[in-house]
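Q: The structure follows.
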Amino acid sequence: MSNKKVIKNAIKELGLRDTIFLSLQHVVAMSGATILVPLLTGLNVSVTLFCAGIATLWFHFVTKNKVPIFLGSSFAFLAAFASIAQDSNGNIIYSELPYCTGGIICAGFVYVVLAVCIKLFGVKKVMKLFPPVVTGPIIILIGLILAPSSLNNIIHTGEPIRILVGIFAIVIVILCNIYGKGMVKIMPILFAVVISYILAILFGMVDFSNAFKVKLLEVPQFMLPKWKVEPIITFVFVSIAAVIEHVGDIAAVSATCDENFIEDPGLFRTLIGDGVGTAIAGFLGGPANTTYSENTGVLALTKVHDPFVVRLAAVFAIVLSLFPIVDSIIRTIPSEIIGGISFVLYGMISSVGLRTLIENKVDFNKSKNLFVAAIIFVSGLSFEQNPLVINVFGLDMKFKGLACAAIFGILLNLLIPEREN
């Protein structure tokens with residue numbers, strides 16, 4: 001298969017078997033981050049997988065099955081969870097979690113409100129807020145912000161053998177993508193995980209002691225939402241930043257697939273899909289969802305852009321949520337392997353942002369473009385470590401790197417006049 005060949009009909013061009021393996025690769029790509037969110041917030045892992053699958057299928061239905069996106073757990077709301085459902089020592093207050101999921105439902109409807117605005121005023125007027133000079137650096141920033149976590153997963157123990165396994169995963173991805181043929185070439189992530197996992201087992205890095213002490217089949221333990229003013233306000237404010245991230249992700253997927261999904265099926269539909277998908281998750285007791293950059297990285301690596309592959313991955317996620325043993329086994333994958341895979345994917349995301357700037361011929365000889373991009377990068381990386389805290393109605397709202405960068409970038413692009421140098 002040519003390096004430049006793009007596959008848009010996986011079943012027809014690859015067959016059912018290979019399409020299934022490609023879908024499993026998307027499951028692998030999303031699983032680490034999707035599962036991490038409930039582990040950090042106290043929500044149920046099986047419910048989270050179920051919600052991710054349902055939300056993804058809903059998203060594809062709303063967007064006419066045109067956009068190859070997977071909706072997984074959003075990290076944007078972790079600070080909101082911490083402010084509502086954690087004590088001063090960082091311990092989870094489980095009785096507050098239903099109020100957080102109530103806030104998630106309200107956050108989802110913020111997307112719907114913006115979608116209605118787009119429907120009323122037109123996507124072109126709204127997209128004036130998000131030109132390539134803003135979206136390109138934001139996409140780059142998404143990868144840069146995520147990158148340290150992947151490196152930390154590789155080196156956190158300091159043990160040479162474990163670090164080498166993480167590096168080995170990176171090498172396998174690169175070798176499969178450059179020198180592989182057939183399915184090896186278009187499924188480098190899945191091959192890297194399997195081979196690295198076997199190596200980790202041989203080195204004694206995998207602990208199976210508790211992996212099989214679970215029920216074979218079990219319906220996820222759903223949780224009904226509850227309502228309080230404070231969580232609602234907190235999650236609604238955070239959702240504004242998440243909406244901006246959504247636009248950046250749609251731009252990233254559009255650039256990766258060489259399609260204009262902002263125009264067709266349109267931001268109106270993608271926002272409805274993401275927002276209502278998030279609200280559905282809140283009703284079931286899951287975390288807010290977001291368009292997953294990890295799976296965008298898979299699209300860039302494999303060149304398989306058929307949305308059916310992603311929908312099949314969503315079905316797999318729902319099925320996996322019914323088997324507790326899957327969760328147990330997934331937890332045995334060493335963090336070094338997840339870190340190695342993420343290391344490559346996050347770099348691919350930033351590369352897509354760079355491609356956005358190049359293909360749209362953003363002129364950095366213009367002072368305005370230079371300053372907008374510069375502020376996006378500096379504010380994004382700075383506020384990621386030191387969040388901007390704003391007191392609203394007696395509540396401290398924290399805005400981290402991506403949110404600050406997006407807001408500052410949009411404002412500067414609107415306020416700085418166009419001038420010839």
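In the structure tokens, chains take the letters A, B, ... in the order shown, each chain's residues start at 1, and ligands count up from 1 in the order shown.
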Could you give me, as CSV, a per-residue list for segment 133-171 of chain A showing, wherever an atom lies at most 12 Å from an atom of segment 67-84 of chain A, the closest pair of atoms and their distance in Å to one decimal, using only C-alpha atoms and sorting by chain then residue number from low to high?
A:
residue,atom,partner,partner_atom,distance
A:Ile142,CA,A:Ala76,CA,11.7
A:Ile145,CA,A:Phe75,CA,11.8
A:Leu146,CA,A:Phe75,CA,10.5
Q: So that I have them on file, write out the residues from the current selection with C-alpha atoms, as a tab-separated table (two decimals), in the first residue's frame.
A:
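So the final result, stored in result.tsv, reads:
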chain	number	residue	atom	x	y	z
A	142	ILE	CA	-2.83	20.32	22.55
A	145	ILE	CA	0.46	20.12	26.80
A	146	LEU	CA	-0.20	16.39	26.69
Q: Once you count only C-alpha atoms, what closest atom pair and distance in Å to one decimal does each residue of segment 100-175 of chain A within 12 Å of segment 20-35 of chain A have, with rows by chain and rising residue number, as JSON lines?
A:
{"residue": "A:Leu146", "atom": "CA", "partner": "A:Ala33", "partner_atom": "CA", "distance": 10.8}
{"residue": "A:Ser149", "atom": "CA", "partner": "A:Ala33", "partner_atom": "CA", "distance": 10.8}
{"residue": "A:Ser150", "atom": "CA", "partner": "A:Ala33", "partner_atom": "CA", "distance": 10.8}
{"residue": "A:Asn153", "atom": "CA", "partner": "A:Gly32", "partner_atom": "CA", "distance": 11.3}
Q: Those residues you just picked out, can you put them in a file as a PDB file, in the first residue's frame with N, CA and C atoms?
A:
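Wrote it out as result37.pdb, contents follow:
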ATOM      1  N   LEU A 146      -0.064  17.798  26.339  1.00  0.00           N
ATOM      2  CA  LEU A 146      -0.202  16.391  26.690  1.00  0.00           C
ATOM      3  C   LEU A 146       1.139  15.659  26.765  1.00  0.00           C
ATOM      4  N   SER A 149       2.997  14.350  30.105  1.00  0.00           N
ATOM      5  CA  SER A 149       2.384  13.206  30.792  1.00  0.00           C
ATOM      6  C   SER A 149       2.844  11.897  30.186  1.00  0.00           C
ATOM      7  N   SER A 150       3.051  11.878  28.860  1.00  0.00           N
ATOM      8  CA  SER A 150       3.520  10.648  28.219  1.00  0.00           C
ATOM      9  C   SER A 150       4.948  10.340  28.642  1.00  0.00           C
ATOM     10  N   ASN A 153       5.010   9.001  32.201  1.00  0.00           N
ATOM     11  CA  ASN A 153       4.602   7.605  32.272  1.00  0.00           C
ATOM     12  C   ASN A 153       5.757   6.656  31.950  1.00  0.00           C
TER      13      ASN A 153
END
Q: If we count only C-alpha atoms and set the cut-off at 9 Å, which residues sit around Leu354 of chain A, ignoring sequence neighbours fewer than 4 positions away in its own chain? Please answer as a PyMOL selection string.
A: chain A and resi 136-137+139-140+349-350+358-359
Q: So that each row is one residue of segment 280-367 of chain A with an atom at most 7 Å from segment 157-167 of chain A, can you give its shortest atom pair and the distance in Å to one decimal, using only C-alpha atoms, rows by chain and rising number, as CSV?
A:
residue,atom,partner,partner_atom,distance
A:Glu336,CA,A:Gly166,CA,4.5
A:Ile337,CA,A:Gly166,CA,4.8
A:Gly339,CA,A:Gly166,CA,6.6
A:Gly340,CA,A:Gly166,CA,4.8
Q: Those selected residues, please, written with N, CA and C atoms and delivered as a PDB file, in the first residue's frame.
A:
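Result file follows (selection_14.pdb):
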ATOM      1  N   GLU A 336       4.379   2.540  31.288  1.00  0.00           N
ATOM      2  CA  GLU A 336       5.465   2.853  30.352  1.00  0.00           C
ATOM      3  C   GLU A 336       5.045   2.605  28.906  1.00  0.00           C
ATOM      4  N   ILE A 337       4.236   1.558  28.685  1.00  0.00           N
ATOM      5  CA  ILE A 337       3.758   1.268  27.334  1.00  0.00           C
ATOM      6  C   ILE A 337       2.750   2.320  26.886  1.00  0.00           C
ATOM      7  N   GLY A 339       2.602   5.306  27.958  1.00  0.00           N
ATOM      8  CA  GLY A 339       3.389   6.524  27.758  1.00  0.00           C
ATOM      9  C   GLY A 339       4.093   6.530  26.424  1.00  0.00           C
ATOM     10  N   GLY A 340       4.654   5.392  26.026  1.00  0.00           N
ATOM     11  CA  GLY A 340       5.348   5.316  24.747  1.00  0.00           C
ATOM     12  C   GLY A 340       4.412   5.536  23.568  1.00  0.00           C
TER      13      GLY A 340
END
Q: Name all residues at most 9 Å from Thr135 of chain A (count only C-alpha atoms; drop same-chain ones fewer than 5 positions away) and give them as an MDAnalysis selection string.
A: chainID A and resid 130 140 247:249 251:252 353 356:357 406 409
Q: Can you list, as JSON, numbers by chain, all residues belonging to segment 65-314 of chain A that DSSP tags as strand (DSSP E or B)?
A: {"A": [71, 72, 73, 86, 92, 289, 290, 291, 304]}
Q: Limited to N, CA and C atoms, could you put the picked residues into a file as a short mmCIF file (atom, residue, chain, number, x, y, z; two decimals), in the first residue's frame?
A:
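Output saved as again23.cif:
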data_model
loop_
_atom_site.label_atom_id
_atom_site.label_comp_id
_atom_site.auth_asym_id
_atom_site.auth_seq_id
_atom_site.Cartn_x
_atom_site.Cartn_y
_atom_site.Cartn_z
N LEU A 71 -15.61 9.89 20.96
CA LEU A 71 -15.82 10.71 22.14
C LEU A 71 -15.40 9.93 23.39
N GLY A 72 -14.37 10.42 24.06
CA GLY A 72 -13.89 9.78 25.28
C GLY A 72 -13.91 10.75 26.44
N SER A 73 -13.46 10.31 27.60
CA SER A 73 -13.51 11.13 28.82
C SER A 73 -12.69 12.41 28.66
N GLN A 86 -13.71 16.60 46.15
CA GLN A 86 -12.48 16.21 46.84
C GLN A 86 -12.29 17.11 48.05
N ILE A 92 -11.43 11.57 47.62
CA ILE A 92 -12.69 11.68 46.88
C ILE A 92 -13.88 11.63 47.83
N ASN A 289 -17.69 14.02 28.01
CA ASN A 289 -16.95 13.49 26.86
C ASN A 289 -16.34 14.62 26.05
N THR A 290 -15.37 14.25 25.25
CA THR A 290 -14.77 15.21 24.34
C THR A 290 -14.25 14.49 23.11
N THR A 291 -14.06 15.22 22.02
CA THR A 291 -13.49 14.64 20.80
C THR A 291 -12.05 14.26 21.09
N VAL A 304 -6.42 5.58 7.53
CA VAL A 304 -7.76 4.99 7.38
C VAL A 304 -8.77 5.96 7.99
#
Q: Would you please work out which residue, of A:Val6, A:Leu271, A:Cys106, A:Val315, is nearest to Ile244 of chain A when using only C-alpha atoms?
A: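 That would be A:Leu271, the residue with the smallest distance to Ile244 of chain A.
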Q: So, with only C-alpha atoms as the atoms that count, which of A:Leu370, A:Ile416, A:Ile341, A:Leu224 lies closest to Gly285 of chain A?
A: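 Looking only at the distances to Gly285 of chain A, the closest residue turns out to be A:Leu224.
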Q: List the spatial neighbours of Val319 of chain A as a list of chain:residue names - criterion: any atom at most 12 Å away, only C-alpha atoms, same-chain residues fewer than 2 positions off excluded.
A: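 Within the cut-off, the hits are A:Val27, A:Ser46, A:Val47, A:Leu49, A:Phe50, A:Cys51, A:Ala52, A:Gly53, A:Ile54, A:Leu217, A:Glu218, A:Val219, A:Pro220, A:Leu312, A:Ala313, A:Ala314, A:Val315, A:Phe316, A:Ala317, A:Ser321, A:Leu322, A:Phe323, A:Pro324, A:Ile325, A:Val326, A:Asp327.
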Q: Would you put the residues from that selection into a file with N, CA and C atoms, as a PDB file, in the first residue's frame?
A:
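After the write, out-v8.pdb holds the following:
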ATOM      1  N   VAL A  27      -9.703   1.479  19.952  1.00  0.00           N
ATOM      2  CA  VAL A  27     -10.049   1.163  21.344  1.00  0.00           C
ATOM      3  C   VAL A  27      -8.813   1.275  22.228  1.00  0.00           C
ATOM      4  N   SER A  46     -16.387   1.044  34.141  1.00  0.00           N
ATOM      5  CA  SER A  46     -17.284   0.383  33.186  1.00  0.00           C
ATOM      6  C   SER A  46     -18.345   1.350  32.669  1.00  0.00           C
ATOM      7  N   VAL A  47     -18.880   2.168  33.557  1.00  0.00           N
ATOM      8  CA  VAL A  47     -19.857   3.179  33.136  1.00  0.00           C
ATOM      9  C   VAL A  47     -19.212   4.151  32.160  1.00  0.00           C
ATOM     10  N   LEU A  49     -16.708   3.601  30.051  1.00  0.00           N
ATOM     11  CA  LEU A  49     -16.567   2.961  28.740  1.00  0.00           C
ATOM     12  C   LEU A  49     -17.909   2.907  28.022  1.00  0.00           C
ATOM     13  N   PHE A  50     -18.959   2.555  28.749  1.00  0.00           N
ATOM     14  CA  PHE A  50     -20.296   2.485  28.162  1.00  0.00           C
ATOM     15  C   PHE A  50     -20.723   3.854  27.632  1.00  0.00           C
ATOM     16  N   CYS A  51     -20.513   4.888  28.426  1.00  0.00           N
ATOM     17  CA  CYS A  51     -20.906   6.249  28.028  1.00  0.00           C
ATOM     18  C   CYS A  51     -20.110   6.722  26.826  1.00  0.00           C
ATOM     19  N   ALA A  52     -18.824   6.384  26.782  1.00  0.00           N
ATOM     20  CA  ALA A  52     -17.996   6.774  25.642  1.00  0.00           C
ATOM     21  C   ALA A  52     -18.523   6.136  24.359  1.00  0.00           C
ATOM     22  N   GLY A  53     -18.890   4.849  24.439  1.00  0.00           N
ATOM     23  CA  GLY A  53     -19.414   4.168  23.260  1.00  0.00           C
ATOM     24  C   GLY A  53     -20.748   4.730  22.804  1.00  0.00           C
ATOM     25  N   ILE A  54     -21.664   4.925  23.740  1.00  0.00           N
ATOM     26  CA  ILE A  54     -22.986   5.464  23.409  1.00  0.00           C
ATOM     27  C   ILE A  54     -22.869   6.876  22.840  1.00  0.00           C
ATOM     28  N   LEU A 217     -19.439 -11.391  33.860  1.00  0.00           N
ATOM     29  CA  LEU A 217     -20.332 -10.474  33.151  1.00  0.00           C
ATOM     30  C   LEU A 217     -21.128  -9.660  34.160  1.00  0.00           C
ATOM     31  N   GLU A 218     -21.208  -8.340  33.921  1.00  0.00           N
ATOM     32  CA  GLU A 218     -21.909  -7.479  34.874  1.00  0.00           C
ATOM     33  C   GLU A 218     -22.357  -6.195  34.182  1.00  0.00           C
ATOM     34  N   VAL A 219     -23.596  -5.808  34.422  1.00  0.00           N
ATOM     35  CA  VAL A 219     -24.110  -4.543  33.881  1.00  0.00           C
ATOM     36  C   VAL A 219     -23.430  -3.398  34.629  1.00  0.00           C
ATOM     37  N   PRO A 220     -22.957  -2.367  33.907  1.00  0.00           N
ATOM     38  CA  PRO A 220     -22.309  -1.241  34.584  1.00  0.00           C
ATOM     39  C   PRO A 220     -23.203  -0.632  35.663  1.00  0.00           C
ATOM     40  N   LEU A 312     -17.395   1.162  14.986  1.00  0.00           N
ATOM     41  CA  LEU A 312     -17.178  -0.206  15.444  1.00  0.00           C
ATOM     42  C   LEU A 312     -16.387  -0.209  16.756  1.00  0.00           C
ATOM     43  N   ALA A 313     -15.443   0.721  16.872  1.00  0.00           N
ATOM     44  CA  ALA A 313     -14.702   0.858  18.131  1.00  0.00           C
ATOM     45  C   ALA A 313     -15.637   1.239  19.270  1.00  0.00           C
ATOM     46  N   ALA A 314     -16.631   2.082  18.975  1.00  0.00           N
ATOM     47  CA  ALA A 314     -17.617   2.470  19.993  1.00  0.00           C
ATOM     48  C   ALA A 314     -18.427   1.263  20.456  1.00  0.00           C
ATOM     49  N   VAL A 315     -18.793   0.403  19.509  1.00  0.00           N
ATOM     50  CA  VAL A 315     -19.520  -0.823  19.871  1.00  0.00           C
ATOM     51  C   VAL A 315     -18.654  -1.701  20.756  1.00  0.00           C
ATOM     52  N   PHE A 316     -17.375  -1.826  20.414  1.00  0.00           N
ATOM     53  CA  PHE A 316     -16.450  -2.607  21.235  1.00  0.00           C
ATOM     54  C   PHE A 316     -16.368  -2.042  22.650  1.00  0.00           C
ATOM     55  N   ALA A 317     -16.350  -0.708  22.759  1.00  0.00           N
ATOM     56  CA  ALA A 317     -16.272  -0.077  24.082  1.00  0.00           C
ATOM     57  C   ALA A 317     -17.497  -0.439  24.925  1.00  0.00           C
ATOM     58  N   SER A 321     -17.502  -2.804  28.319  1.00  0.00           N
ATOM     59  CA  SER A 321     -17.995  -2.289  29.599  1.00  0.00           C
ATOM     60  C   SER A 321     -18.795  -3.339  30.371  1.00  0.00           C
ATOM     61  N   LEU A 322     -19.248  -4.378  29.679  1.00  0.00           N
ATOM     62  CA  LEU A 322     -20.039  -5.427  30.314  1.00  0.00           C
ATOM     63  C   LEU A 322     -19.172  -6.516  30.940  1.00  0.00           C
ATOM     64  N   PHE A 323     -17.876  -6.476  30.658  1.00  0.00           N
ATOM     65  CA  PHE A 323     -16.961  -7.507  31.152  1.00  0.00           C
ATOM     66  C   PHE A 323     -15.940  -6.886  32.099  1.00  0.00           C
ATOM     67  N   PRO A 324     -16.150  -7.001  33.396  1.00  0.00           N
ATOM     68  CA  PRO A 324     -15.213  -6.422  34.373  1.00  0.00           C
ATOM     69  C   PRO A 324     -13.783  -6.903  34.209  1.00  0.00           C
ATOM     70  N   ILE A 325     -13.607  -8.118  33.683  1.00  0.00           N
ATOM     71  CA  ILE A 325     -12.261  -8.650  33.529  1.00  0.00           C
ATOM     72  C   ILE A 325     -11.448  -7.836  32.523  1.00  0.00           C
ATOM     73  N   VAL A 326     -12.139  -7.211  31.565  1.00  0.00           N
ATOM     74  CA  VAL A 326     -11.446  -6.377  30.584  1.00  0.00           C
ATOM     75  C   VAL A 326     -10.798  -5.190  31.287  1.00  0.00           C
ATOM     76  N   ASP A 327     -11.570  -4.583  32.174  1.00  0.00           N
ATOM     77  CA  ASP A 327     -11.042  -3.468  32.954  1.00  0.00           C
ATOM     78  C   ASP A 327      -9.834  -3.915  33.773  1.00  0.00           C
TER      79      ASP A 327
END
Q: Write out as a list in words each polymer residue whose atoms come within 7 Å of Ile272 of chain A, counting only C-alpha atoms; drop sequence neighbours fewer than 3 positions from it.
A: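 Here the qualifying residues turn out to be Tyr111, Val112, Ala115, Phe268, Arg269, Gly275 and Val276 of chain A.
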Q: Rank nothing, just name the residue among A:Leu120, A:Ala281, A:Leu412, A:Leu114 nearest to Thr48 of chain A, using only C-alpha atoms.
A: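 Of A:Leu120, A:Ala281, A:Leu412, A:Leu114, the one nearest Thr48 of chain A is A:Ala281, counting only C-alpha atoms.
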Q: Which one is closest to Gly42 of chain A: A:Gly122, A:Pro98, A:Gly15, A:Pro387? Count only C-alpha atoms.
A: A:Pro98
Q: If you count only C-alpha atoms, which residues fall within 10 Å of Phe371 of chain A, apart from same-chain ones fewer than 3 positions away, as a list in words?
A: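 So, after excluding close chain neighbours, the residues are Phe364, Lys366, Ser367, Lys368, Ala374, Ile375, Ile376, Phe377, Gly409, Leu412, Asn413 and Ile416 of chain A.
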Q: With C-alpha atoms retained, could you export that selection as a PDB file, in the first residue's frame?
A:
ATOM      1  CA  PHE A 364       4.293  35.002  10.059  1.00  0.00           C
ATOM      2  CA  LYS A 366       2.831  39.822   9.657  1.00  0.00           C
ATOM      3  CA  SER A 367       3.264  41.085  13.198  1.00  0.00           C
ATOM      4  CA  LYS A 368      -0.347  40.310  14.096  1.00  0.00           C
ATOM      5  CA  ALA A 374       3.305  33.661  20.434  1.00  0.00           C
ATOM      6  CA  ILE A 375       0.727  34.498  23.096  1.00  0.00           C
ATOM      7  CA  ILE A 376      -1.130  31.242  22.469  1.00  0.00           C
ATOM      8  CA  PHE A 377       2.031  29.183  23.032  1.00  0.00           C
ATOM      9  CA  GLY A 409      -5.717  33.946  21.027  1.00  0.00           C
ATOM     10  CA  LEU A 412      -5.968  39.155  20.274  1.00  0.00           C
ATOM     11  CA  ASN A 413      -6.948  38.108  16.763  1.00  0.00           C
ATOM     12  CA  ILE A 416      -5.126  43.594  16.906  1.00  0.00           C
TER      13      ILE A 416
END
Q: So which one's closest to Pro287 of chain A, A:Asn369, A:Thr19, A:Thr101, A:Thr56? Using only C-alpha atoms, please.
A: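 Between A:Asn369, A:Thr19, A:Thr101, A:Thr56, the residue approaching Pro287 of chain A most closely is A:Thr101.
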